[in-house]
Amino acid sequence: MAGSLFLTGFRVQCETAGGLMTKIISENSGIDKCRRCGTCCKKGGPSLHLEDRELVEGGMIPLKHLFTIRKGEPANDNIRRSIQPAATDIIKIKGQGNTLSCRFFNPKDNICKIYEHRALECRVLKCWDTEEIERIYSKNRLVRKDLIYKVAGLWDLVEEHQQRCSYDIIQNLVSLYNRDKKTDSMKMLIDIINYEMHFRRLIIDRSGMDPEMLDFLFGRPLTDTIRMFGVENNFHRNLHLFRPVP
Ligand code: SF4
């Protein structure tokens with residue numbers, strides 16, 4: 001499951017003038033300044049906000065180092081401490097290999113390779129006091145349209161993909177299948193996953209695009225994310241076989 005894992009701590013209910021509110025008490029409330037331990041960078045890269053747009057457009061954070069959690073995709077919500085369907089695109093910095101460690105984190109020296117140009121969430125995060133990051137966390141999210149709307153043809157492709165493979169459609173088909181066990185809905189779901197696989201392949205073959213761009217443009221492949229909806233992907237002898245988790 002993807003989502004920023006920046007915030008560690010526990011939730012408490014506090015009484016305020018306006019009534020009860022929930023607050024995260026940091027596990028690190030015993031410290032009062034950054035010790036450059038790198039823990040936050042190892043727990044997942046930041047999600048980007050409109051304030052980060054210049055960093056991406058200026059090339060400090062290249063698109064190929066980002067991925068998109070698409071609207072409706074299950075994602076960790078650190079404030080509500082639960083897994084929620086994303087309300088909009090959430091654009092995040094990729095991890096290193098299969099780890100959560102931010103791609104710009106240098107584990108050898110415990111430093112950020114883009115420290116002077118790090119994202120808003122990285123700048124406001126104080127692991128001992130999460131008030132500021134809680135305040136900005138779900139505001140002004142940067143979305144794909146902000147970054148590529150003007151690139152001729154590219155936004156059309158993103159829209160076409162979104163129309164055919166939206167998580168609303170996926171969720172509806174999964175719900176239908178779970179309710180009625182009708183194989184039609186499972187077949188339609190598998191058709192969408194297969195379409196998406198071919199769509200990605202075609203983009204690379206026809207345009208010569210860097211494959212590292214795909215997860216930003218079209219989100220993570222459905223072949224990976226579909227397991228969050230209870231569908232198994234068994235890859236065997238170069239074939240994907242999808243079936244509901246028994
Ligand atoms: S961009 Fe830099 S500061 Fe932010 S999580 Fe990555 S390595 Fe850490």
# chains A, B, ... in the order shown; residues from 1 in each chain; ligands from 1
>>> select_by_dssp(residues="range 14-219 of chain A", states="strand (DSSP E)", output="ChimeraX atom specification")
/A:14-16,19-26,66-69,74-77,82-85,90-93,105-106,111-112
>>> residues_around(residues="range 195-199 of chain A", least_positions_apart="5", cutoff="10 Å", atoms="only C-alpha atoms", output="VMD selection string")
chain A and resid 157 161 164 to 165 189 to 190 204 to 205 218 221 to 223
>>> write_last_selection(atoms="N, CA and C atoms", output="compact mmCIF listing (two decimals), in the first residue's frame")
# COMPACT_ATOMS: atom_id res chain seq x y z
N LEU A 157 -3.90 11.21 -23.68
CA LEU A 157 -3.60 9.81 -23.37
C LEU A 157 -3.96 9.48 -21.91
N HIS A 161 -6.77 6.78 -20.73
CA HIS A 161 -6.47 5.71 -19.77
C HIS A 161 -7.40 5.79 -18.56
N ARG A 164 -10.95 4.51 -19.31
CA ARG A 164 -11.08 3.06 -19.46
C ARG A 164 -10.75 2.31 -18.16
N CYS A 165 -9.84 2.87 -17.37
CA CYS A 165 -9.28 2.08 -16.25
C CYS A 165 -9.45 2.78 -14.90
N LEU A 189 -13.55 -7.09 -15.54
CA LEU A 189 -12.43 -6.59 -14.76
C LEU A 189 -11.10 -7.06 -15.37
N ILE A 190 -11.05 -8.33 -15.70
CA ILE A 190 -9.82 -8.88 -16.27
C ILE A 190 -9.53 -8.26 -17.65
N ILE A 204 5.17 2.57 -24.91
CA ILE A 204 6.63 2.44 -24.96
C ILE A 204 7.06 2.11 -26.40
N ASP A 205 6.39 1.13 -27.00
CA ASP A 205 6.79 0.69 -28.35
C ASP A 205 6.63 1.79 -29.38
N PHE A 218 0.40 7.20 -15.69
CA PHE A 218 -0.80 6.34 -15.64
C PHE A 218 -0.96 5.65 -14.28
N PRO A 221 0.84 0.04 -12.27
CA PRO A 221 0.08 -0.87 -13.13
C PRO A 221 -1.03 -1.57 -12.36
N LEU A 222 -2.16 -1.76 -13.04
CA LEU A 222 -3.27 -2.50 -12.41
C LEU A 222 -2.85 -3.92 -12.07
N THR A 223 -1.89 -4.47 -12.84
CA THR A 223 -1.42 -5.82 -12.52
C THR A 223 -0.87 -5.88 -11.09
>>> atom_distance(atom1="CA of Asn233 in chain A", atom2="CA of Ile193 in chain A")
10.2 Å
>>> closest_atom_pairs(of="chain A", to="ligand 1", cutoff="8 Å", atoms="only C-alpha atoms and all ligand atoms", output="JSON lines")
{"residue": "A:Gly38", "atom": "CA", "partner": "ligand 1", "partner_atom_place_in_ligand_line": "8 (Fe)", "distance": 6.9}
{"residue": "A:Cys40", "atom": "CA", "partner": "ligand 1", "partner_atom_place_in_ligand_line": "5 (S)", "distance": 6.4}
{"residue": "A:Cys41", "atom": "CA", "partner": "ligand 1", "partner_atom_place_in_ligand_line": "8 (Fe)", "distance": 3.9}
{"residue": "A:Lys42", "atom": "CA", "partner": "ligand 1", "partner_atom_place_in_ligand_line": "5 (S)", "distance": 7.3}
{"residue": "A:Gly44", "atom": "CA", "partner": "ligand 1", "partner_atom_place_in_ligand_line": "5 (S)", "distance": 6.5}
{"residue": "A:Gly45", "atom": "CA", "partner": "ligand 1", "partner_atom_place_in_ligand_line": "5 (S)", "distance": 4.3}
{"residue": "A:Pro46", "atom": "CA", "partner": "ligand 1", "partner_atom_place_in_ligand_line": "5 (S)", "distance": 5.6}
{"residue": "A:Ile93", "atom": "CA", "partner": "ligand 1", "partner_atom_place_in_ligand_line": "6 (Fe)", "distance": 7.3}
{"residue": "A:Ser101", "atom": "CA", "partner": "ligand 1", "partner_atom_place_in_ligand_line": "5 (S)", "distance": 7.7}
{"residue": "A:Cys102", "atom": "CA", "partner": "ligand 1", "partner_atom_place_in_ligand_line": "6 (Fe)", "distance": 4.6}
{"residue": "A:Arg103", "atom": "CA", "partner": "ligand 1", "partner_atom_place_in_ligand_line": "6 (Fe)", "distance": 6.3}
{"residue": "A:Phe104", "atom": "CA", "partner": "ligand 1", "partner_atom_place_in_ligand_line": "7 (S)", "distance": 4.4}
{"residue": "A:Phe105", "atom": "CA", "partner": "ligand 1", "partner_atom_place_in_ligand_line": "7 (S)", "distance": 3.6}
{"residue": "A:Asn106", "atom": "CA", "partner": "ligand 1", "partner_atom_place_in_ligand_line": "7 (S)", "distance": 7.0}
{"residue": "A:Ile111", "atom": "CA", "partner": "ligand 1", "partner_atom_place_in_ligand_line": "7 (S)", "distance": 6.7}
{"residue": "A:Cys112", "atom": "CA", "partner": "ligand 1", "partner_atom_place_in_ligand_line": "7 (S)", "distance": 4.0}
{"residue": "A:Lys113", "atom": "CA", "partner": "ligand 1", "partner_atom_place_in_ligand_line": "2 (Fe)", "distance": 6.3}
{"residue": "A:Ile114", "atom": "CA", "partner": "ligand 1", "partner_atom_place_in_ligand_line": "2 (Fe)", "distance": 5.8}
{"residue": "A:Tyr115", "atom": "CA", "partner": "ligand 1", "partner_atom_place_in_ligand_line": "2 (Fe)", "distance": 5.6}
{"residue": "A:His117", "atom": "CA", "partner": "ligand 1", "partner_atom_place_in_ligand_line": "1 (S)", "distance": 8.0}
{"residue": "A:Arg118", "atom": "CA", "partner": "ligand 1", "partner_atom_place_in_ligand_line": "1 (S)", "distance": 4.8}
{"residue": "A:Ala119", "atom": "CA", "partner": "ligand 1", "partner_atom_place_in_ligand_line": "1 (S)", "distance": 6.0}
{"residue": "A:Glu121", "atom": "CA", "partner": "ligand 1", "partner_atom_place_in_ligand_line": "4 (Fe)", "distance": 7.3}
{"residue": "A:Cys122", "atom": "CA", "partner": "ligand 1", "partner_atom_place_in_ligand_line": "4 (Fe)", "distance": 4.6}
{"residue": "A:Arg123", "atom": "CA", "partner": "ligand 1", "partner_atom_place_in_ligand_line": "3 (S)", "distance": 7.3}
>>> closest_residue(among="A:Arg144, A:Lys94, A:Arg179, A:His240", to="Asp156 in chain A", atoms="only C-alpha atoms")
A:Arg144
>>> residues_around(residues="range 141-143 of chain A", least_positions_apart="6", cutoff="6 Å", atoms="only C-alpha atoms", output="list in words")
Leu48, His49, Leu50 and Asp89 of chain A
>>> write_last_selection(atoms="N, CA and C atoms", output="compact mmCIF listing (two decimals), in the first residue's frame")
# COMPACT_ATOMS: atom_id res chain seq x y z
N LEU A 48 3.41 15.40 -3.22
CA LEU A 48 3.69 16.76 -3.68
C LEU A 48 2.46 17.65 -3.63
N HIS A 49 2.72 18.93 -3.43
CA HIS A 49 1.66 19.94 -3.35
C HIS A 49 1.93 21.02 -4.41
N LEU A 50 0.94 21.90 -4.60
CA LEU A 50 1.11 22.95 -5.61
C LEU A 50 2.40 23.74 -5.38
N ASP A 89 -5.68 12.77 -7.49
CA ASP A 89 -4.33 12.25 -7.69
C ASP A 89 -3.48 12.57 -6.46
>>> residues_around(residues="range 62-73 of chain A", least_positions_apart="2", cutoff="6 Å", atoms="only C-alpha atoms", output="list of chain:residue names")
A:Val56, A:Gly59, A:Pro85, A:Ala86, A:Ala87, A:Thr88, A:Asp89, A:Ile90, A:Ile91, A:Lys92, A:Ile93, A:Lys94, A:Tyr167, A:Glu212, A:Met213, A:Asp215, A:Phe216, A:Gly219
>>> write_last_selection(atoms="N, CA and C atoms", output="short mmCIF file (atom, residue, chain, number, x, y, z; two decimals), in the first residue's frame")
data_model
loop_
_atom_site.label_atom_id
_atom_site.label_comp_id
_atom_site.auth_asym_id
_atom_site.auth_seq_id
_atom_site.Cartn_x
_atom_site.Cartn_y
_atom_site.Cartn_z
N VAL A 56 9.35 20.58 -9.80
CA VAL A 56 9.20 19.59 -10.87
C VAL A 56 9.45 20.27 -12.23
N GLY A 59 12.95 20.86 -13.05
CA GLY A 59 13.80 19.68 -13.25
C GLY A 59 14.53 19.21 -11.99
N PRO A 85 -9.78 5.53 -0.18
CA PRO A 85 -9.61 5.80 -1.61
C PRO A 85 -9.11 7.23 -1.78
N ALA A 86 -8.08 7.43 -2.59
CA ALA A 86 -7.53 8.78 -2.79
C ALA A 86 -8.62 9.69 -3.39
N ALA A 87 -8.76 10.90 -2.81
CA ALA A 87 -9.81 11.81 -3.27
C ALA A 87 -9.41 12.51 -4.57
N THR A 88 -8.11 12.63 -4.80
CA THR A 88 -7.58 13.21 -6.05
C THR A 88 -6.32 12.42 -6.38
N ASP A 89 -5.68 12.77 -7.49
CA ASP A 89 -4.33 12.25 -7.69
C ASP A 89 -3.48 12.57 -6.46
N ILE A 90 -2.61 11.65 -6.08
CA ILE A 90 -1.57 11.96 -5.10
C ILE A 90 -0.26 11.64 -5.81
N ILE A 91 0.57 12.65 -5.99
CA ILE A 91 1.84 12.43 -6.70
C ILE A 91 2.95 12.32 -5.65
N LYS A 92 3.70 11.25 -5.74
CA LYS A 92 4.70 10.97 -4.72
C LYS A 92 6.07 10.71 -5.34
N ILE A 93 7.10 10.91 -4.54
CA ILE A 93 8.45 10.53 -4.98
C ILE A 93 8.60 9.02 -4.80
N LYS A 94 9.16 8.37 -5.83
CA LYS A 94 9.30 6.91 -5.78
C LYS A 94 10.28 6.48 -4.69
N TYR A 167 -10.45 3.78 -11.15
CA TYR A 167 -10.69 2.94 -9.96
C TYR A 167 -12.16 2.91 -9.57
N GLU A 212 10.27 4.55 -17.26
CA GLU A 212 10.19 5.10 -15.89
C GLU A 212 9.12 6.20 -15.77
N MET A 213 8.65 6.70 -16.92
CA MET A 213 7.62 7.76 -16.89
C MET A 213 6.22 7.21 -16.66
N ASP A 215 4.66 5.24 -14.49
CA ASP A 215 3.96 5.26 -13.20
C ASP A 215 3.55 6.66 -12.77
N PHE A 216 4.22 7.66 -13.34
CA PHE A 216 3.72 9.02 -13.11
C PHE A 216 2.50 9.28 -13.99
N GLY A 219 -0.19 6.07 -13.30
CA GLY A 219 -0.27 5.42 -11.99
C GLY A 219 0.42 4.06 -12.05
#
>>> residues_around(residues="Val245 in chain A", least_positions_apart="2", cutoff="6 Å", atoms="only C-alpha atoms", output="list in words")
Gly230, Val231 and Glu232 of chain A
>>> select_by_dssp(residues="range 24-224 of chain A", states="helix (DSSP H, G or I)", output="PyMOL selection string")
chain A and resi 39-42+50-57+63-65+115-117+120-124+131-136+144-148+154-165+167-180+183-207+211-217+222-224
>>> residues_around(residues="Lys126 in chain A", least_positions_apart="6", cutoff="9 Å", atoms="only C-alpha atoms", output="VMD selection string")
chain A and resid 32 to 34 132 to 133
>>> closest_residue(among="A:Asn98, A:Ser175, A:Asn194, A:Asn78", to="Thr130 in chain A", atoms="only C-alpha atoms")
A:Asn78
>>> closest_residue(among="A:Ile136, A:Arg53, A:Ile170, A:Lys187", to="Thr225 in chain A", atoms="only C-alpha atoms")
A:Ile170
>>> atom_distance(atom1="CA of Gly97 in chain A", atom2="CA of Gln171 in chain A")
28.5 Å
>>> closest_residue(among="A:Arg81, A:Phe229, A:Glu160, A:Leu176", to="Glu134 in chain A", atoms="only C-alpha atoms")
A:Arg81
>>> atom_distance(atom1="CA of Asn110 in chain A", atom2="CA of Gln96 in chain A")
14.2 Å
